[in-house]
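One structure below.
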Amino acid sequence: MSQVLRIQDVHRIYENEAGITHVLHGVNLSVERGELLVIMGPSGSGKSTLMNIMGCLDRPTLGTYTLEGIDVSELSDDDLAFIRSTRIGFVFQSFNLLPRATVLRNVTLPLIYARTPKAERVERAIEALTMVGVPVDLFDHRSNQLSGGQMQRVAIARAIVNDPALILADEPTGNLDSATSDMVMATFSHLRDQNKTVVLITHDPEVAEWADRVIYIRDGILLTAEQEEAYVKSRDGQARGRT
Amino acid sequence: MKFSDLMYETWSALESNRGRSALTILGIVIGIAAVIAMTSLIGGIRQSIVDELGLNQARLIYINCWTDRELTFEDLDRLQANVPGYDYVTGAGYGYASVSSDTKQAEAQITAVKPIYFEATGTKMLQGRPFSEAEERSGAMVVVLDQASLRTLFDDPEAQVVGKTLRIGNDSYTIIGVSESIGMMWGDTVLLYAPFSVNASRISGSESISNIIGFATEGEDLDDVVRRTENYLASYFNMTEQQKEESIYVYSMKSLTDELDSTMMSFSILMTAIASISLLVGGIGIMNMMLTNVTERIREIGLRKALGAKNSDITRQFLLESVFLCLAGGVIGIIFGYLGALAFSGLATNLAQTVQVRPVIDVSTVVIAASICVGIGILFGFGPARRAAKLDPVESLQYQ
Ligand SMILES: Nc1ncnc2c1ncn2[C@@H]1O[C@H](COP(=O)(O)OP(=O)(O)O)[C@@H](O)[C@H]1O
Ligand SMILES: [Mg+2]
């Protein structure tokens with residue numbers, strides 16, 4: 001298996017009027033091609049921060065991030081934009097579709113920024129929509145006419161339309177009921193079977209069951225499943241000891 | 001991002017904000033409409049002056065010379081003989097007298113001329129004919145009436161009067177022609193033309209000429225003829241440079257339209273200044289709307305960046321929106337401005353009756369107006385567009 005990304009000793013420190021917030025503390029992580037990796041952790045632990053760095057929306061304050069063998073920590077804004085348009089696909093908790101645009105238009109949007117020729121765009125958008133199971137008769141609907149599950153599948157189609165090296169999903173089932181959530185996870189699982197790489201953040205242990213590998217994050221530090229188990233045990237033990 | 005894609009984005013963004021967009025461009029519409037209305041009216045006025053005067057008049061040179069004595073035809077003959085470039089130089093004397101028809105009496109302004117004067121001024125005859133060289137030389141008792149005088153003297157502007165008799169003082173004159181009216185006289189004053197010799201000997205008793213016109217030879221440079229005439233008159237009357245400045249004023253129809261152009265130009269500059277204020281206000285309105293747009297669409301901007309939009313893509317998207325808005329305002333302004341000028345000139349024509357002004361709009365004006373709009377769009381759209389482009393993608397995506 002080949003490596004898609006490698007994060008080495010990454011720190012993310014926010015500095016603003018409120019002071020300094022040290023969010024990620026020396027994170028190390030690598031992800032293999034065709035892997036469905038789930039990241040779990042309490043709210044505020046730094047999941048989204050890590051994901052934004054992986055998606056080249058943000059840069060590490062310290063450490064290196066290598067995507068497909070390229071050290072992206074030092075690239076310019078425009079280069080990062082190019083990488084996002086060609087190598088990354090995002091799926092958000094709140095779908096983030098353009099409400100007034102059609103399903104097809106929403107899915108072609110990344111291709112517009114990637115300067116894909118017009119003739120190719122629709123073809124690829126239809127391919128992506130078909131792959132995630134959006135029925136053809138919805139293609140020309142406005143995205144605000146869809147149900148939540150349909151919207152999230154359109155968003156997934158948008159994320160895969162540029163055939164990215166990495167699909168990043170930040171709590172994609174957070175706004176969905178469990179049945180719809182299962183459908184969406186089946187879609188991700190299906191993508192993984194097509195040898196696509198997916199990194200997915202969730203709170204939901206049921207969602208985590210779809211994963212090839214689950215890692216945990218607490219206070220900006222990554223934990224393996226065993227470390228997490230040990231942490232939870234000791235914390236519960238302490239809690240019991242106190243009572 | 002390709003231009004056609006940008007256009008699509010712009011169109012759908014503005015479409016979803018139709019009401020607000022329309023209100024915002026009002027300032028631009030008004031500013032451009034004012035400029036277009038003014039320039040097309042001015043163009044129309046200029047055109048109608050040129051039309052009214054006709055080609056004939058293009059070769060006329062008006063000669064004004066104030067000295068301690070009145071000028072006579074003898075002076076004019078010398079001028080014509082000594083200044084090259086004239087077909088002829090002639091002039092008119094003026095007198096006042098009371099005239100009466102069989103039924104009416106009125107005060108008359110008498111224009112005393114030689115026949116060539118009619119030719120020089122292009123005066124058209126509605127009835128009869130002007131008097132001849134022979135009649136002028138022999139002092140025939142004939143007159144030509146201005147058409148507006150018919151109402152006063154004969155109660156009927158259409159009266160057929162050739163052959164009828166008018167009395168001036170103790171003399172009887174035969175009306176041999178009626179000329180097209182050259183303008184309006186105040187009150188009941190009538191206007192008539194008499195042979196120069198007759199006026200001098202029988203009516204006003206004056207040989208002086210107060211309205212001198214020269215008719216330049218075809219192909220002469222009028223400015224040259226004007227200059228030669230001024231120099232000749234100055235030396236003829238032994239004037240100093242300063243006297244010449246003060247007492248001699250020679251101009252051609254061409255220099256008159258040139259002067260008109262420069263007067264209109266300063267008027268246009270004034271109008272443009274006023275319109276600029278409207279455009280400035282319009283521009284600020286556009287900027288305000290674009291800032292609102294950016295704020296409302298922060299999440300969308302974050303999303304677009306996440307999907308791969310470069311900062312320059314975002315800048316161009318918002319810049320194009322404001323340019324498009326301004327240009328739309330400009331186009332509407334041009335249409336309304338022209339319609340406004342049409343309505344105004346229609347009104348003016350109705351009131352004045354005699355002059356017809358049709359607004360004239362030329363391509364360069366339209367191009368300039370459109371460019372100004374594009375300029376305003378860029379100028380006032382750039383700030384908001386840069387602001388959108390500089391937004392942090394992560395924060396924008398979290399924006400509620
Ligand atoms: N721009 C920022 N400036 C300062 N602190 C931030 C900023 N963004 C996130 N944080 C802080 O970083 C921590 C981790 O945030 P985040 O990665 O969003 O957590 P999660 O996604 O795991 O809930 C939180 O405590 C949050 O307040
Ligand atoms: Mg989060």
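Residue names in the structure tokens use chain letters A, B, ... in the order shown, residue numbers from 1 in each chain, and ligand numbers from 1 in the order shown.
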
Task: Contacts of Arg299 in chain B within 12 Å, only C-alpha atoms, excl. fewer than 4 positions in-chain, as a ChimeraX atom specification - done: /A:92,94-99 /B:293-295,303-306,388,391-400

At most 6 Å is the cut-off: for each residue in chain B with any atom that close to an atom of chain A, write down the nearest atom pair and the distance in Å rounded to one decimal, counting only C-alpha atoms, chain first then increasing number, as a tab-separated table.
```
residue	atom	partner	partner_atom	distance
B:Met1	CA	A:Tyr113	CA	5.3
B:Leu307	CA	A:Pro110	CA	5.2
B:Gly308	CA	A:Ser85	CA	3.9
B:Ala309	CA	A:Tyr113	CA	5.5
B:Lys310	CA	A:Ala81	CA	5.5
```

- [ ] Write out as number ranges by chain each polymer residue (protein, DNA or RNA) that has an atom no more than 12 Å from ligand 1, with only C-alpha atoms and all ligand atoms counted.
- [x] A: 11-25, 39-53, 58-59, 92-93, 169-171, 200-203, 216-222; B: 392-399

Task: 10 Å contact set for range 126-136 of chain B, only C-alpha atoms, chain neighbours under 3 positions out, as an MDAnalysis selection string - done: chainID B and resid 113:119 123 139:147 158:163 175:181 193:198

Store the residues of this selection in a file with C-alpha atoms, as a tab-separated table (two decimals), in the first residue's frame.
```
chain	number	residue	atom	x	y	z
B	113	VAL	CA	-29.42	97.25	-48.49
B	114	LYS	CA	-28.11	96.59	-51.96
B	115	PRO	CA	-29.66	93.54	-53.69
B	116	ILE	CA	-26.60	91.37	-53.16
B	117	TYR	CA	-27.38	91.49	-49.44
B	118	PHE	CA	-30.33	89.13	-50.02
B	119	GLU	CA	-28.02	86.72	-51.75
B	123	THR	CA	-32.92	85.40	-47.52
B	139	GLY	CA	-33.64	104.95	-56.44
B	140	ALA	CA	-36.86	103.13	-57.29
B	141	MET	CA	-39.58	103.49	-54.66
B	142	VAL	CA	-39.91	99.77	-53.85
B	143	VAL	CA	-39.77	97.76	-50.63
B	144	VAL	CA	-39.60	94.15	-49.49
B	145	LEU	CA	-41.62	93.23	-46.39
B	146	ASP	CA	-40.70	90.71	-43.76
B	147	GLN	CA	-43.43	88.10	-43.58
B	158	GLU	CA	-50.94	85.07	-45.63
B	159	ALA	CA	-52.10	88.25	-47.41
B	160	GLN	CA	-51.01	88.61	-51.03
B	161	VAL	CA	-49.43	92.04	-51.02
B	162	VAL	CA	-47.15	92.26	-54.07
B	163	GLY	CA	-48.13	95.40	-55.98
B	175	ILE	CA	-44.29	96.27	-52.27
B	176	ILE	CA	-42.44	93.99	-54.69
B	177	GLY	CA	-41.70	91.03	-52.42
B	178	VAL	CA	-42.19	89.35	-49.06
B	179	SER	CA	-39.24	87.64	-47.44
B	180	GLU	CA	-39.20	84.74	-45.06
B	181	SER	CA	-39.23	86.02	-41.51
B	193	TYR	CA	-36.09	96.22	-46.70
B	194	ALA	CA	-35.55	99.34	-48.81
B	195	PRO	CA	-32.93	100.10	-51.48
B	196	PHE	CA	-29.88	101.65	-49.84
B	197	SER	CA	-30.00	104.73	-52.07
B	198	VAL	CA	-33.68	105.37	-51.30
```

Could you find all residues in range 41-112 of chain A that DSSP calls alpha helix (DSSP H) from the backbone, and write them as a PDB file with all heavy atoms, in the first residue's frame?
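Written output follows (part.pdb):
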```
ATOM      1  N   LYS A  47      -9.936  18.161  16.306  1.00  0.00           N
ATOM      2  CA  LYS A  47     -10.217  17.338  15.127  1.00  0.00           C
ATOM      3  C   LYS A  47     -10.308  18.184  13.854  1.00  0.00           C
ATOM      4  O   LYS A  47      -9.668  17.893  12.849  1.00  0.00           O
ATOM      5  CB  LYS A  47     -11.548  16.580  15.308  1.00  0.00           C
ATOM      6  CG  LYS A  47     -11.592  15.669  16.511  1.00  0.00           C
ATOM      7  CD  LYS A  47     -12.891  14.875  16.573  1.00  0.00           C
ATOM      8  CE  LYS A  47     -14.150  15.727  16.725  1.00  0.00           C
ATOM      9  NZ  LYS A  47     -14.243  16.442  18.014  1.00  0.00           N
ATOM     10  N   SER A  48     -11.119  19.223  13.950  1.00  0.00           N
ATOM     11  CA  SER A  48     -11.305  20.053  12.753  1.00  0.00           C
ATOM     12  C   SER A  48     -10.012  20.766  12.378  1.00  0.00           C
ATOM     13  O   SER A  48      -9.701  20.925  11.192  1.00  0.00           O
ATOM     14  CB  SER A  48     -12.413  21.078  12.989  1.00  0.00           C
ATOM     15  OG  SER A  48     -13.645  20.421  13.169  1.00  0.00           O
ATOM     16  N   THR A  49      -9.275  21.181  13.383  1.00  0.00           N
ATOM     17  CA  THR A  49      -8.005  21.848  13.114  1.00  0.00           C
ATOM     18  C   THR A  49      -7.077  20.931  12.318  1.00  0.00           C
ATOM     19  O   THR A  49      -6.484  21.332  11.316  1.00  0.00           O
ATOM     20  CB  THR A  49      -7.340  22.252  14.449  1.00  0.00           C
ATOM     21  OG1 THR A  49      -8.249  23.064  15.176  1.00  0.00           O
ATOM     22  CG2 THR A  49      -6.045  22.990  14.210  1.00  0.00           C
ATOM     23  N   LEU A  50      -7.004  19.673  12.757  1.00  0.00           N
ATOM     24  CA  LEU A  50      -6.162  18.694  12.068  1.00  0.00           C
ATOM     25  C   LEU A  50      -6.654  18.473  10.636  1.00  0.00           C
ATOM     26  O   LEU A  50      -5.874  18.435   9.682  1.00  0.00           O
ATOM     27  CB  LEU A  50      -6.186  17.370  12.859  1.00  0.00           C
ATOM     28  CG  LEU A  50      -5.389  16.212  12.247  1.00  0.00           C
ATOM     29  CD1 LEU A  50      -3.915  16.598  12.095  1.00  0.00           C
ATOM     30  CD2 LEU A  50      -5.523  14.957  13.108  1.00  0.00           C
ATOM     31  N   MET A  51      -7.987  18.371  10.523  1.00  0.00           N
ATOM     32  CA  MET A  51      -8.562  18.125   9.205  1.00  0.00           C
ATOM     33  C   MET A  51      -8.316  19.305   8.260  1.00  0.00           C
ATOM     34  O   MET A  51      -8.024  19.105   7.080  1.00  0.00           O
ATOM     35  CB  MET A  51     -10.055  17.890   9.354  1.00  0.00           C
ATOM     36  CG  MET A  51     -10.768  17.769   8.052  1.00  0.00           C
ATOM     37  SD  MET A  51     -12.039  16.520   8.132  1.00  0.00           S
ATOM     38  CE  MET A  51     -11.079  15.068   8.440  1.00  0.00           C
ATOM     39  N   ASN A  52      -8.403  20.521   8.774  1.00  0.00           N
ATOM     40  CA  ASN A  52      -8.143  21.692   7.924  1.00  0.00           C
ATOM     41  C   ASN A  52      -6.709  21.711   7.428  1.00  0.00           C
ATOM     42  O   ASN A  52      -6.436  22.132   6.305  1.00  0.00           O
ATOM     43  CB  ASN A  52      -8.455  22.984   8.686  1.00  0.00           C
ATOM     44  CG  ASN A  52      -9.952  23.149   8.892  1.00  0.00           C
ATOM     45  OD1 ASN A  52     -10.747  22.632   8.103  1.00  0.00           O
ATOM     46  ND2 ASN A  52     -10.329  23.849   9.945  1.00  0.00           N
ATOM     47  N   ILE A  53      -5.804  21.231   8.264  1.00  0.00           N
ATOM     48  CA  ILE A  53      -4.408  21.166   7.821  1.00  0.00           C
ATOM     49  C   ILE A  53      -4.259  20.099   6.738  1.00  0.00           C
ATOM     50  O   ILE A  53      -3.640  20.322   5.697  1.00  0.00           O
ATOM     51  CB  ILE A  53      -3.478  20.892   9.024  1.00  0.00           C
ATOM     52  CG1 ILE A  53      -3.416  22.155   9.896  1.00  0.00           C
ATOM     53  CG2 ILE A  53      -2.081  20.499   8.555  1.00  0.00           C
ATOM     54  CD1 ILE A  53      -2.652  21.979  11.189  1.00  0.00           C
ATOM     55  N   MET A  54      -4.908  18.948   6.970  1.00  0.00           N
ATOM     56  CA  MET A  54      -4.842  17.883   5.955  1.00  0.00           C
ATOM     57  C   MET A  54      -5.442  18.350   4.632  1.00  0.00           C
ATOM     58  O   MET A  54      -4.991  17.955   3.561  1.00  0.00           O
ATOM     59  CB  MET A  54      -5.594  16.643   6.446  1.00  0.00           C
ATOM     60  CG  MET A  54      -4.858  15.884   7.522  1.00  0.00           C
ATOM     61  SD  MET A  54      -5.531  14.220   7.711  1.00  0.00           S
ATOM     62  CE  MET A  54      -6.708  14.485   9.006  1.00  0.00           C
ATOM     63  N   ASP A  77      -0.275  30.340  -1.282  1.00  0.00           N
ATOM     64  CA  ASP A  77      -1.739  30.241  -1.221  1.00  0.00           C
ATOM     65  C   ASP A  77      -2.314  29.689  -2.524  1.00  0.00           C
ATOM     66  O   ASP A  77      -3.211  28.850  -2.516  1.00  0.00           O
ATOM     67  CB  ASP A  77      -2.357  31.629  -0.963  1.00  0.00           C
ATOM     68  CG  ASP A  77      -2.226  32.025   0.504  1.00  0.00           C
ATOM     69  OD1 ASP A  77      -1.750  31.187   1.296  1.00  0.00           O
ATOM     70  OD2 ASP A  77      -2.604  33.160   0.843  1.00  0.00           O
ATOM     71  N   ASP A  78      -1.808  30.194  -3.640  1.00  0.00           N
ATOM     72  CA  ASP A  78      -2.336  29.754  -4.932  1.00  0.00           C
ATOM     73  C   ASP A  78      -2.042  28.278  -5.180  1.00  0.00           C
ATOM     74  O   ASP A  78      -2.882  27.547  -5.704  1.00  0.00           O
ATOM     75  CB  ASP A  78      -1.742  30.598  -6.073  1.00  0.00           C
ATOM     76  CG  ASP A  78      -2.484  31.915  -6.240  1.00  0.00           C
ATOM     77  OD1 ASP A  78      -3.438  32.153  -5.460  1.00  0.00           O
ATOM     78  OD2 ASP A  78      -2.112  32.696  -7.136  1.00  0.00           O
ATOM     79  N   ASP A  79      -0.840  27.840  -4.770  1.00  0.00           N
ATOM     80  CA  ASP A  79      -0.500  26.430  -4.944  1.00  0.00           C
ATOM     81  C   ASP A  79      -1.411  25.560  -4.084  1.00  0.00           C
ATOM     82  O   ASP A  79      -1.866  24.497  -4.517  1.00  0.00           O
ATOM     83  CB  ASP A  79       0.969  26.191  -4.571  1.00  0.00           C
ATOM     84  CG  ASP A  79       1.910  26.793  -5.614  1.00  0.00           C
ATOM     85  OD1 ASP A  79       1.449  26.971  -6.765  1.00  0.00           O
ATOM     86  OD2 ASP A  79       3.078  27.072  -5.276  1.00  0.00           O
ATOM     87  N   LEU A  80      -1.680  26.024  -2.856  1.00  0.00           N
ATOM     88  CA  LEU A  80      -2.584  25.270  -1.986  1.00  0.00           C
ATOM     89  C   LEU A  80      -3.981  25.209  -2.601  1.00  0.00           C
ATOM     90  O   LEU A  80      -4.640  24.173  -2.561  1.00  0.00           O
ATOM     91  CB  LEU A  80      -2.648  25.914  -0.594  1.00  0.00           C
ATOM     92  CG  LEU A  80      -1.386  25.784   0.266  1.00  0.00           C
ATOM     93  CD1 LEU A  80      -1.633  26.371   1.655  1.00  0.00           C
ATOM     94  CD2 LEU A  80      -0.941  24.332   0.386  1.00  0.00           C
ATOM     95  N   ALA A  81      -4.421  26.338  -3.186  1.00  0.00           N
ATOM     96  CA  ALA A  81      -5.733  26.363  -3.833  1.00  0.00           C
ATOM     97  C   ALA A  81      -5.767  25.343  -4.964  1.00  0.00           C
ATOM     98  O   ALA A  81      -6.756  24.625  -5.135  1.00  0.00           O
ATOM     99  CB  ALA A  81      -6.040  27.762  -4.364  1.00  0.00           C
ATOM    100  N   PHE A  82      -4.662  25.266  -5.696  1.00  0.00           N
ATOM    101  CA  PHE A  82      -4.605  24.303  -6.803  1.00  0.00           C
ATOM    102  C   PHE A  82      -4.688  22.865  -6.275  1.00  0.00           C
ATOM    103  O   PHE A  82      -5.391  22.024  -6.828  1.00  0.00           O
ATOM    104  CB  PHE A  82      -3.317  24.505  -7.615  1.00  0.00           C
ATOM    105  CG  PHE A  82      -3.195  23.544  -8.753  1.00  0.00           C
ATOM    106  CD1 PHE A  82      -3.986  23.693  -9.887  1.00  0.00           C
ATOM    107  CD2 PHE A  82      -2.309  22.469  -8.690  1.00  0.00           C
ATOM    108  CE1 PHE A  82      -3.895  22.789 -10.936  1.00  0.00           C
ATOM    109  CE2 PHE A  82      -2.208  21.562  -9.739  1.00  0.00           C
ATOM    110  CZ  PHE A  82      -3.001  21.726 -10.859  1.00  0.00           C
ATOM    111  N   ILE A  83      -3.971  22.618  -5.173  1.00  0.00           N
ATOM    112  CA  ILE A  83      -4.022  21.275  -4.587  1.00  0.00           C
ATOM    113  C   ILE A  83      -5.442  20.955  -4.123  1.00  0.00           C
ATOM    114  O   ILE A  83      -5.969  19.871  -4.364  1.00  0.00           O
ATOM    115  CB  ILE A  83      -3.009  21.167  -3.427  1.00  0.00           C
ATOM    116  CG1 ILE A  83      -1.592  21.123  -4.017  1.00  0.00           C
ATOM    117  CG2 ILE A  83      -3.288  19.925  -2.581  1.00  0.00           C
ATOM    118  CD1 ILE A  83      -0.501  21.083  -2.988  1.00  0.00           C
ATOM    119  N   ARG A  84      -6.100  21.951  -3.484  1.00  0.00           N
ATOM    120  CA  ARG A  84      -7.477  21.704  -3.037  1.00  0.00           C
ATOM    121  C   ARG A  84      -8.392  21.390  -4.215  1.00  0.00           C
ATOM    122  O   ARG A  84      -9.286  20.561  -4.115  1.00  0.00           O
ATOM    123  CB  ARG A  84      -8.024  22.935  -2.290  1.00  0.00           C
ATOM    124  CG  ARG A  84      -7.361  23.187  -0.942  1.00  0.00           C
ATOM    125  CD  ARG A  84      -8.195  24.112  -0.086  1.00  0.00           C
ATOM    126  NE  ARG A  84      -8.344  25.455  -0.648  1.00  0.00           N
ATOM    127  CZ  ARG A  84      -7.502  26.453  -0.421  1.00  0.00           C
ATOM    128  NH1 ARG A  84      -6.441  26.270   0.339  1.00  0.00           N
ATOM    129  NH2 ARG A  84      -7.719  27.630  -0.959  1.00  0.00           N
ATOM    130  N   SER A  85      -8.166  22.083  -5.318  1.00  0.00           N
ATOM    131  CA  SER A  85      -9.083  21.884  -6.447  1.00  0.00           C
ATOM    132  C   SER A  85      -8.836  20.566  -7.175  1.00  0.00           C
ATOM    133  O   SER A  85      -9.716  20.096  -7.873  1.00  0.00           O
ATOM    134  CB  SER A  85      -8.996  23.065  -7.416  1.00  0.00           C
ATOM    135  OG  SER A  85      -7.806  22.991  -8.164  1.00  0.00           O
ATOM    136  N   THR A  86      -7.650  19.996  -7.002  1.00  0.00           N
ATOM    137  CA  THR A  86      -7.356  18.779  -7.778  1.00  0.00           C
ATOM    138  C   THR A  86      -7.143  17.533  -6.915  1.00  0.00           C
ATOM    139  O   THR A  86      -7.416  16.421  -7.364  1.00  0.00           O
ATOM    140  CB  THR A  86      -6.100  18.974  -8.645  1.00  0.00           C
ATOM    141  OG1 THR A  86      -5.035  19.448  -7.810  1.00  0.00           O
ATOM    142  CG2 THR A  86      -6.353  19.991  -9.755  1.00  0.00           C
ATOM    143  N   ARG A  87      -6.648  17.688  -5.685  1.00  0.00           N
ATOM    144  CA  ARG A  87      -6.253  16.511  -4.913  1.00  0.00           C
ATOM    145  C   ARG A  87      -7.092  16.271  -3.666  1.00  0.00           C
ATOM    146  O   ARG A  87      -6.927  15.249  -3.002  1.00  0.00           O
ATOM    147  CB  ARG A  87      -4.761  16.617  -4.494  1.00  0.00           C
ATOM    148  CG  ARG A  87      -3.778  16.871  -5.640  1.00  0.00           C
ATOM    149  CD  ARG A  87      -3.993  15.951  -6.828  1.00  0.00           C
ATOM    150  NE  ARG A  87      -3.793  14.554  -6.536  1.00  0.00           N
ATOM    151  CZ  ARG A  87      -4.484  13.564  -7.127  1.00  0.00           C
ATOM    152  NH1 ARG A  87      -5.412  13.830  -8.029  1.00  0.00           N
ATOM    153  NH2 ARG A  87      -4.251  12.310  -6.794  1.00  0.00           N
ATOM    154  N   VAL A 103     -28.215  20.720  -8.651  1.00  0.00           N
ATOM    155  CA  VAL A 103     -27.363  19.635  -8.191  1.00  0.00           C
ATOM    156  C   VAL A 103     -26.138  19.511  -9.101  1.00  0.00           C
ATOM    157  O   VAL A 103     -24.998  19.472  -8.647  1.00  0.00           O
ATOM    158  CB  VAL A 103     -28.177  18.321  -8.188  1.00  0.00           C
ATOM    159  CG1 VAL A 103     -27.264  17.112  -8.086  1.00  0.00           C
ATOM    160  CG2 VAL A 103     -29.184  18.341  -7.039  1.00  0.00           C
ATOM    161  N   LEU A 104     -26.385  19.515 -10.396  1.00  0.00           N
ATOM    162  CA  LEU A 104     -25.297  19.335 -11.355  1.00  0.00           C
ATOM    163  C   LEU A 104     -24.274  20.476 -11.254  1.00  0.00           C
ATOM    164  O   LEU A 104     -23.063  20.245 -11.242  1.00  0.00           O
ATOM    165  CB  LEU A 104     -25.876  19.277 -12.774  1.00  0.00           C
ATOM    166  CG  LEU A 104     -25.057  18.526 -13.807  1.00  0.00           C
ATOM    167  CD1 LEU A 104     -24.814  17.088 -13.381  1.00  0.00           C
ATOM    168  CD2 LEU A 104     -25.774  18.558 -15.157  1.00  0.00           C
ATOM    169  N   ARG A 105     -24.790  21.699 -11.146  1.00  0.00           N
ATOM    170  CA  ARG A 105     -23.899  22.857 -11.026  1.00  0.00           C
ATOM    171  C   ARG A 105     -23.037  22.758  -9.764  1.00  0.00           C
ATOM    172  O   ARG A 105     -21.840  23.047  -9.793  1.00  0.00           O
ATOM    173  CB  ARG A 105     -24.750  24.136 -10.988  1.00  0.00           C
ATOM    174  CG  ARG A 105     -23.957  25.424 -10.846  1.00  0.00           C
ATOM    175  CD  ARG A 105     -23.344  25.836 -12.158  1.00  0.00           C
ATOM    176  NE  ARG A 105     -22.390  26.932 -11.978  1.00  0.00           N
ATOM    177  CZ  ARG A 105     -21.563  27.343 -12.917  1.00  0.00           C
ATOM    178  NH1 ARG A 105     -21.560  26.775 -14.103  1.00  0.00           N
ATOM    179  NH2 ARG A 105     -20.729  28.332 -12.693  1.00  0.00           N
ATOM    180  N   ASN A 106     -23.658  22.355  -8.668  1.00  0.00           N
ATOM    181  CA  ASN A 106     -22.914  22.209  -7.418  1.00  0.00           C
ATOM    182  C   ASN A 106     -21.773  21.218  -7.572  1.00  0.00           C
ATOM    183  O   ASN A 106     -20.678  21.452  -7.071  1.00  0.00           O
ATOM    184  CB  ASN A 106     -23.857  21.739  -6.306  1.00  0.00           C
ATOM    185  CG  ASN A 106     -24.413  22.899  -5.500  1.00  0.00           C
ATOM    186  OD1 ASN A 106     -23.690  23.540  -4.748  1.00  0.00           O
ATOM    187  ND2 ASN A 106     -25.691  23.183  -5.681  1.00  0.00           N
ATOM    188  N   VAL A 107     -22.047  20.132  -8.268  1.00  0.00           N
ATOM    189  CA  VAL A 107     -21.020  19.091  -8.377  1.00  0.00           C
ATOM    190  C   VAL A 107     -19.907  19.517  -9.338  1.00  0.00           C
ATOM    191  O   VAL A 107     -18.751  19.152  -9.167  1.00  0.00           O
ATOM    192  CB  VAL A 107     -21.658  17.750  -8.802  1.00  0.00           C
ATOM    193  CG1 VAL A 107     -20.605  16.679  -8.999  1.00  0.00           C
ATOM    194  CG2 VAL A 107     -22.653  17.302  -7.735  1.00  0.00           C
ATOM    195  N   THR A 108     -20.249  20.344 -10.332  1.00  0.00           N
ATOM    196  CA  THR A 108     -19.199  20.757 -11.278  1.00  0.00           C
ATOM    197  C   THR A 108     -18.307  21.878 -10.726  1.00  0.00           C
ATOM    198  O   THR A 108     -17.263  22.162 -11.301  1.00  0.00           O
ATOM    199  CB  THR A 108     -19.787  21.250 -12.618  1.00  0.00           C
ATOM    200  OG1 THR A 108     -20.796  22.203 -12.352  1.00  0.00           O
ATOM    201  CG2 THR A 108     -20.347  20.114 -13.435  1.00  0.00           C
ATOM    202  N   LEU A 109     -18.729  22.510  -9.616  1.00  0.00           N
ATOM    203  CA  LEU A 109     -17.996  23.683  -9.116  1.00  0.00           C
ATOM    204  C   LEU A 109     -16.484  23.443  -8.935  1.00  0.00           C
ATOM    205  O   LEU A 109     -15.678  24.257  -9.385  1.00  0.00           O
ATOM    206  CB  LEU A 109     -18.648  24.172  -7.811  1.00  0.00           C
ATOM    207  CG  LEU A 109     -18.421  25.625  -7.435  1.00  0.00           C
ATOM    208  CD1 LEU A 109     -18.757  26.564  -8.581  1.00  0.00           C
ATOM    209  CD2 LEU A 109     -19.238  25.986  -6.202  1.00  0.00           C
ATOM    210  N   PRO A 110     -16.053  22.330  -8.307  1.00  0.00           N
ATOM    211  CA  PRO A 110     -14.598  22.137  -8.171  1.00  0.00           C
ATOM    212  C   PRO A 110     -13.898  22.039  -9.520  1.00  0.00           C
ATOM    213  O   PRO A 110     -12.747  22.461  -9.661  1.00  0.00           O
ATOM    214  CB  PRO A 110     -14.485  20.805  -7.422  1.00  0.00           C
ATOM    215  CG  PRO A 110     -15.808  20.588  -6.786  1.00  0.00           C
ATOM    216  CD  PRO A 110     -16.819  21.245  -7.674  1.00  0.00           C
ATOM    217  N   LEU A 111     -14.601  21.503 -10.517  1.00  0.00           N
ATOM    218  CA  LEU A 111     -13.981  21.339 -11.845  1.00  0.00           C
ATOM    219  C   LEU A 111     -13.774  22.704 -12.503  1.00  0.00           C
ATOM    220  O   LEU A 111     -12.832  22.897 -13.275  1.00  0.00           O
ATOM    221  CB  LEU A 111     -14.853  20.453 -12.734  1.00  0.00           C
ATOM    222  CG  LEU A 111     -15.097  19.038 -12.188  1.00  0.00           C
ATOM    223  CD1 LEU A 111     -16.051  18.273 -13.089  1.00  0.00           C
ATOM    224  CD2 LEU A 111     -13.776  18.296 -12.041  1.00  0.00           C
ATOM    225  N   ILE A 112     -14.677  23.647 -12.191  1.00  0.00           N
ATOM    226  CA  ILE A 112     -14.524  25.005 -12.724  1.00  0.00           C
ATOM    227  C   ILE A 112     -13.227  25.620 -12.203  1.00  0.00           C
ATOM    228  O   ILE A 112     -12.443  26.190 -12.961  1.00  0.00           O
ATOM    229  CB  ILE A 112     -15.736  25.866 -12.330  1.00  0.00           C
ATOM    230  CG1 ILE A 112     -16.961  25.414 -13.120  1.00  0.00           C
ATOM    231  CG2 ILE A 112     -15.455  27.345 -12.573  1.00  0.00           C
ATOM    232  CD1 ILE A 112     -18.249  26.033 -12.657  1.00  0.00           C
TER     233      ILE A 112
END
```

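We find CA of Thr240 in chain B and CA of Thr72 in chain B to be spaced 21.9 Å apart.
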
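Here CA of Thr292 in chain B and CA of Gly375 in chain B stand 20.6 Å from one another.
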
Open item on the list: Between CA of Asp68 in chain B and CA of Thr229 in chain B, what is the distance in Å, rounded to a tenth?
Closed with: 18.7 Å

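Distance check against Thr224 in chain A using only C-alpha atoms: of A:Ser2, A:Leu166, A:Leu29, A:Ile156, the minimum falls on A:Leu29.
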